[in-house]
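Participant: The following file, work_10.cif, comprises mmCIF, C-alpha atoms:
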```cif
data_work
loop_
_atom_site.label_atom_id
_atom_site.label_comp_id
_atom_site.auth_asym_id
_atom_site.auth_seq_id
_atom_site.Cartn_x
_atom_site.Cartn_y
_atom_site.Cartn_z
CA MET A 1 124.15 94.93 100.70
CA PRO A 2 125.13 91.38 99.68
CA VAL A 3 122.35 88.82 99.60
CA PRO A 4 123.17 85.81 101.80
CA THR A 5 122.92 82.35 100.33
CA LEU A 6 119.47 81.00 101.09
CA PRO A 7 118.78 77.32 101.71
CA ALA A 8 116.99 75.85 98.72
CA PRO A 9 113.60 75.52 100.50
CA VAL A 10 113.72 79.17 101.62
CA ALA A 11 114.75 80.36 98.16
CA ALA A 12 111.85 78.41 96.65
CA LEU A 13 109.44 79.96 99.15
CA VAL A 14 110.70 83.45 98.26
CA ARG A 15 109.86 82.79 94.62
CA GLU A 16 106.38 81.57 95.59
CA LEU A 17 105.75 84.61 97.80
CA ALA A 18 106.84 87.01 95.07
CA GLU A 19 104.07 85.65 92.84
CA LEU A 20 101.26 86.24 95.34
CA PRO A 21 98.71 88.94 94.41
CA GLY A 22 99.63 92.42 95.65
CA VAL A 23 103.17 91.52 96.70
CA ALA A 24 105.67 94.25 95.80
CA ALA A 25 108.82 92.77 97.32
CA VAL A 26 110.19 90.11 99.64
CA ALA A 27 113.04 90.93 102.04
CA LEU A 28 115.16 88.99 104.48
CA GLY A 29 115.03 90.42 107.99
CA GLY A 30 115.90 89.62 111.58
CA SER A 31 119.16 88.07 112.69
CA ARG A 32 119.78 86.44 109.30
CA ALA A 33 119.86 89.85 107.64
CA ALA A 34 122.04 91.33 110.39
CA GLY A 35 124.49 88.42 110.39
CA THR A 36 123.89 87.76 114.10
CA GLU A 37 121.97 84.51 113.74
CA ARG A 38 122.52 81.31 115.68
CA ARG A 39 122.48 77.89 114.06
CA ASP A 40 118.88 77.41 115.22
CA SER A 41 117.64 80.88 114.20
CA ASP A 42 114.56 80.98 112.02
CA TRP A 43 114.29 82.80 108.70
CA ASP A 44 112.32 86.06 108.72
CA LEU A 45 110.83 87.10 105.39
CA GLY A 46 109.11 90.47 105.05
CA LEU A 47 106.20 90.23 102.62
CA TYR A 48 105.83 93.81 101.38
CA HIS A 49 102.52 94.46 99.68
CA ARG A 50 100.34 97.26 98.38
CA GLY A 51 96.58 97.11 98.64
CA GLY A 52 96.40 94.15 100.99
CA VAL A 53 97.54 90.55 101.17
CA ASP A 54 95.32 87.47 100.93
CA PRO A 55 96.08 84.92 103.66
CA GLU A 56 94.18 82.27 101.71
CA ALA A 57 96.67 82.60 98.87
CA LEU A 58 99.49 82.04 101.37
CA ARG A 59 97.72 79.02 102.86
CA ALA A 60 97.22 77.63 99.36
CA LEU A 61 100.99 77.26 99.00
CA GLY A 62 100.54 74.21 101.22
CA HIS A 63 103.31 74.70 103.77
CA PRO A 64 102.50 73.46 107.29
CA GLY A 65 102.11 76.10 109.96
CA TYR A 66 99.87 78.95 111.06
CA VAL A 67 98.76 81.79 108.77
CA SER A 68 97.17 84.84 110.40
CA ALA A 69 94.70 87.37 109.11
CA PRO A 70 96.08 90.85 108.35
CA GLY A 71 96.09 92.96 111.52
CA GLU A 72 95.86 89.92 113.80
CA TRP A 73 99.24 90.53 115.44
CA GLY A 74 98.79 94.23 116.08
CA PRO A 75 99.10 97.58 114.33
CA ILE A 76 102.87 97.46 113.80
CA MET A 77 103.63 93.78 113.28
CA ASP A 78 100.33 93.39 111.40
CA GLY A 79 100.33 89.64 110.84
CA GLY A 80 101.98 86.83 108.96
CA ALA A 81 102.71 83.15 109.11
CA TRP A 82 104.82 80.70 111.09
CA LEU A 83 105.75 78.02 108.59
CA THR A 84 107.93 74.94 108.36
CA VAL A 85 109.47 74.74 104.90
CA GLY A 86 111.80 71.87 104.07
CA GLY A 87 112.33 71.30 107.79
CA LEU A 88 113.27 74.95 108.39
CA ALA A 89 111.37 77.45 110.53
CA VAL A 90 110.32 80.44 108.43
CA ASP A 91 108.37 83.51 109.60
CA VAL A 92 106.53 85.37 106.85
CA LEU A 93 105.65 88.89 108.00
CA TYR A 94 103.02 91.05 106.30
CA ARG A 95 104.23 94.59 105.67
CA ASP A 96 101.93 97.23 104.13
CA LEU A 97 104.36 99.32 102.07
CA ASP A 98 101.95 102.24 101.62
CA ARG A 99 101.46 102.50 105.39
CA ILE A 100 105.18 102.20 106.10
CA GLU A 101 105.98 104.94 103.62
CA ARG A 102 103.54 107.24 105.48
CA TRP A 103 105.28 106.40 108.76
CA TRP A 104 108.62 107.14 107.08
CA GLU A 105 107.35 110.57 106.03
CA GLU A 106 106.28 111.24 109.61
CA ALA A 107 109.65 110.06 110.95
CA GLU A 108 111.47 112.44 108.60
CA ALA A 109 109.62 115.24 110.38
CA GLY A 110 110.42 113.83 113.83
CA ARG A 111 106.89 112.57 114.41
CA PHE A 112 105.89 109.08 115.53
CA GLU A 113 103.52 107.22 117.79
CA ILE A 114 104.22 104.52 120.37
CA VAL A 115 101.53 101.87 120.19
CA ALA A 116 100.68 98.73 122.15
CA GLN A 117 102.04 95.71 120.31
CA THR A 118 102.11 92.05 121.27
CA GLY A 119 105.61 91.10 122.40
CA TYR A 120 106.70 94.67 123.23
CA LEU A 121 106.79 95.79 126.85
CA ALA A 122 107.54 99.48 126.28
CA GLY A 123 105.41 99.69 123.15
CA ALA A 124 106.39 99.78 119.50
CA PRO A 125 107.20 103.04 117.69
CA THR A 126 105.67 103.57 114.27
CA TYR A 127 109.17 104.13 112.87
CA LEU A 128 110.06 100.50 113.63
CA PRO A 129 108.98 99.14 110.20
CA VAL A 130 110.94 101.97 108.59
CA GLY A 131 114.01 100.56 110.32
CA GLU A 132 113.17 97.14 108.89
CA LEU A 133 113.36 98.68 105.42
CA ALA A 134 116.72 100.20 106.29
CA LEU A 135 118.27 97.03 107.70
CA GLY A 136 116.59 94.25 105.73
CA VAL A 137 118.03 92.59 102.65
CA PRO A 138 115.76 92.83 99.57
CA LEU A 139 115.38 89.46 97.84
CA THR A 140 112.82 90.36 95.16
CA GLY A 141 111.34 93.67 94.02
CA ASP A 142 112.46 97.20 94.78
CA LEU A 143 112.40 98.66 98.29
CA PRO A 144 113.50 102.07 99.60
CA ARG A 145 116.50 102.24 101.97
CA PRO A 146 115.78 104.95 104.58
CA GLY A 147 118.48 106.66 106.56
CA PHE A 148 117.86 107.62 110.18
CA PRO A 149 116.40 111.15 110.14
CA GLU A 150 118.10 113.76 112.30
CA ALA A 151 114.72 115.14 113.39
CA LEU A 152 113.70 111.67 114.54
CA ALA A 153 116.90 111.20 116.53
CA GLU A 154 116.21 114.36 118.49
CA ALA A 155 112.49 113.79 118.98
CA ALA A 156 112.73 110.09 119.82
CA ALA A 157 115.53 110.53 122.34
CA ARG A 158 113.58 113.26 124.13
CA ARG A 159 110.25 111.42 124.08
CA TRP A 160 111.60 108.03 125.18
CA GLU A 161 113.57 109.66 127.99
CA GLY A 162 110.39 111.36 129.19
CA ALA A 163 108.59 108.01 129.10
CA ALA A 164 111.39 106.46 131.16
CA SER A 165 111.08 109.17 133.82
CA ALA A 166 107.31 108.69 133.90
CA ALA A 167 107.76 104.95 134.37
CA LEU A 168 110.10 105.62 137.29
CA THR A 169 107.39 107.79 138.84
CA PHE A 170 104.85 104.99 138.67
CA ALA A 171 107.43 102.47 139.87
CA GLY A 172 107.86 104.60 142.98
CA LEU A 173 104.11 104.71 143.55
CA GLN A 174 103.92 100.93 143.27
CA ALA A 175 106.95 100.55 145.55
CA ARG A 176 105.44 102.69 148.28
CA GLY A 177 102.30 100.56 148.07
CA GLY A 178 104.32 97.36 148.41
CA ASP A 179 103.29 96.06 144.96
CA ALA A 180 106.32 94.09 143.78
CA VAL A 181 104.84 93.05 140.43
CA GLY A 182 103.73 96.56 139.51
CA CYS A 183 107.04 98.05 140.61
CA ALA A 184 109.11 95.50 138.68
CA GLY A 185 107.02 96.03 135.57
CA MET A 186 107.38 99.80 135.68
CA LEU A 187 111.13 99.51 136.27
CA ALA A 188 111.51 97.20 133.28
CA GLN A 189 109.56 99.67 131.18
CA ALA A 190 111.77 102.52 132.40
CA VAL A 191 114.93 100.67 131.42
CA LEU A 192 113.61 99.79 127.96
CA CYS A 193 112.41 103.35 127.33
CA ALA A 194 115.81 104.69 128.36
CA GLY A 195 117.39 102.15 126.02
CA HIS A 196 115.28 103.43 123.14
CA ALA A 197 116.29 106.99 124.00
CA ARG A 198 120.01 106.22 123.97
CA VAL A 199 119.96 104.20 120.76
CA ALA A 200 117.76 106.69 118.91
CA GLY A 201 120.09 109.47 119.99
CA ARG A 202 122.87 107.58 118.20
CA ARG A 203 120.69 107.46 115.05
CA GLU A 204 120.41 103.69 115.18
CA TRP A 205 117.28 101.73 114.36
CA VAL A 206 115.62 99.51 116.96
CA LEU A 207 113.49 96.70 115.54
CA ASN A 208 112.51 95.00 118.81
CA GLU A 209 113.41 94.91 122.49
CA LYS A 210 115.80 91.96 122.19
CA ARG A 211 119.25 92.91 123.50
CA LEU A 212 118.18 96.56 123.68
CA VAL A 213 119.47 96.88 127.25
CA ALA A 214 122.94 95.74 126.23
CA ARG A 215 122.98 97.93 123.11
CA ALA A 216 122.19 100.93 125.28
CA GLY A 217 124.85 100.06 127.89
CA LEU A 218 122.30 99.67 130.68
CA GLU A 219 123.26 96.18 131.87
CA ALA A 220 123.81 97.49 135.40
CA ALA A 221 120.03 97.61 135.79
CA GLU A 222 119.68 93.86 135.24
CA PRO A 223 120.73 92.63 138.71
CA VAL A 224 118.37 95.17 140.27
CA LEU A 225 115.47 93.92 138.20
CA ALA A 226 116.40 90.33 139.01
CA ALA A 227 115.85 91.02 142.72
CA VAL A 228 113.59 94.02 143.17
CA GLY A 229 112.57 92.93 146.67
CA SER A 230 109.23 92.38 148.31
CA THR A 231 108.91 94.99 151.05
CA SER A 232 108.16 98.63 150.41
CA ASP A 233 111.62 99.66 151.58
CA GLU A 234 113.31 97.13 149.29
CA LEU A 235 111.22 98.19 146.34
CA CYS A 236 111.90 101.88 146.91
CA ALA A 237 115.62 101.12 147.04
CA SER A 238 115.32 99.34 143.69
CA VAL A 239 113.59 102.34 142.15
CA GLU A 240 116.39 104.58 143.36
CA ALA A 241 119.04 102.17 142.04
CA VAL A 242 117.48 101.91 138.59
CA GLY A 243 117.11 105.68 138.40
CA ALA A 244 120.82 106.00 139.17
CA VAL A 245 121.72 103.56 136.39
CA LEU A 246 119.56 105.46 133.90
CA GLY A 247 120.75 108.84 135.12
CA LEU A 248 117.12 109.94 135.36
CA GLU A 249 114.83 111.28 138.05
CA PRO A 250 111.14 110.38 138.39
CA LEU A 251 108.75 113.05 137.19
CA VAL A 252 107.54 115.36 139.95
CA VAL A 253 103.77 115.33 139.61
CA ARG A 254 102.89 117.41 142.68
#
```
Output the file's structure as structure tokens, nothing else.
Facilitator:
Amino acid sequence: MPVPTLPAPVAALVRELAELPGVAAVALGGSRAAGTERRDSDWDLGLYHRGGVDPEALRALGHPGYVSAPGEWGPIMDGGAWLTVGGLAVDVLYRDLDRIERWWEEAEAGRFEIVAQTGYLAGAPTYLPVGELALGVPLTGDLPRPGFPEALAEAAARRWEGAASAALTFAGLQARGGDAVGCAGMLAQAVLCAGHARVAGRREWVLNEKRLVARAGLEAAEPVLAAVGSTSDELCASVEAVGAVLGLEPLVVR
């Protein structure tokens, strides 16, 4: 994969990061790595380490911004820094390479967990950082390049589809109770889970929920979610409409 030309301040930061204790590699991620960036997109740098990373060493580089403690942002995203470097917005993201390699081994066997993670409505799968390895662009150091395991494609599609059906069930319960917020939230979760199922079934990595609905071809659910209604009858109609878009039925619990 060709390495894009980095602005001089970003390239200098990469060299600084590579010298920090415990750092094994630095990789470009996000839209810049995928070639889908906008002019105002920030620069995402994965800071891959073994044995831990010292936020004080990162702060000592002297770049303005916020530097988190490891684990502060959740079990999957872990932590990092929002920096301004030479007038450019740069996100430095801690990535524990030993932990990710364990998650990769699990994914090869079709096993993964879905965990609560800040910024993720449907939850984040533990194979997400494995996808970052697959799609990111290494800038320093050596990093593995995982393919999408066949066992994971089958297991993830099945599990996410089940989660979508369960969310539809709870959306219906909220709808019958006239709870518009609860119903809308469960419907959004159902759509995102169904999106994960479709994309995983195609053996494609998902790194976040941005544009997941469009990638999965589920845009027809968007106008329903934009106007779910306020009465019980309106909400129940929205649940039925979203289920039709997803091609799924709510789980029958009794």
Participant: Work out how far apart CA of Arg99 in chain A and CA of Trp82 in chain A are and give it in Å to one decimal.
Facilitator: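 If I compute the distance from CA of Arg99 in chain A to CA of Trp82 in chain A, I get 22.8 Å.
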Participant: Please write as a PyMOL selection string the list of polymer residues whose atoms come within 9 Å of (100.4, 90.5, 94.2), counting all atoms listed in the file and keeping to the coordinates of the file.
Facilitator: chain A and resi 17-24+49-54
Participant: Could you work out how far CA of Ile76 in chain A lies from CA of Glu113 in chain A, giving the answer in Å with one decimal?
Facilitator: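 Calculated distance between CA of Glu113 in chain A and CA of Ile76 in chain A is 10.6 Å.
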Participant: Pick out the closest residue to Asp96 in chain A from this set: A:Asp78, A:Asp233, A:Glu108, A:Glu56. Count only C-alpha atoms.
Facilitator: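 Using only C-alpha atoms, Asp96 in chain A sits closest to A:Asp78.
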Participant: Work out how far CA of Ala214 in chain A is from CA of Leu187 in chain A, in Å to one decimal.
Facilitator: 16.0 Å
Participant: Would you please work out which residue, of A:Ala190, A:Ala122, A:Leu235, A:Ile100, is nearest to Thr169 in chain A when using all atoms listed in the file?
Facilitator: A:Ala190
Participant: I need the residue set behind the PyMOL selection byres ((chain A and resi 144) around 8) for this file; please write it as a PyMOL selection string.
Facilitator: chain A and resi 133-134+142-143+145-146
Participant: Residues near Ala226 in chain A, anyone? I mean within 12 Å using all atoms listed in the file, not counting same-chain ones fewer than 2 positions away, as a VMD selection string.
Facilitator: chain A and resid 180 to 181 184 to 185 187 to 188 219 to 224 228 to 230 235 238 242
Participant: Hey, which of A:Leu225, A:Ser165, A:Val115, A:Ala171 ends up closest to Leu246 in chain A? Count all atoms listed in the file.
Facilitator: A:Ser165
Participant: Pick out the closest residue to Cys236 in chain A from this set: A:Ala25, A:Val130, A:Ala8, A:Ala175. Count only C-alpha atoms.
Facilitator: A:Ala175
Participant: Spell out the residues picked by the PyMOL selection byres ((chain A and resi 199) around 10) here, as a ChimeraX atom specification.
Facilitator: /A:153,156-157,194-198,200-206,212-213,215-217
Participant: Find the spatial neighbours of Gly123 in chain A, counting all atoms listed in the file, within a cut-off of 12 Å - ignore same-chain residues fewer than 2 positions away - and output them as an MDAnalysis selection string.
Facilitator: chainID A and resid 74:77 113:121 125:128 160 163 189:190 192:193 196 206:209
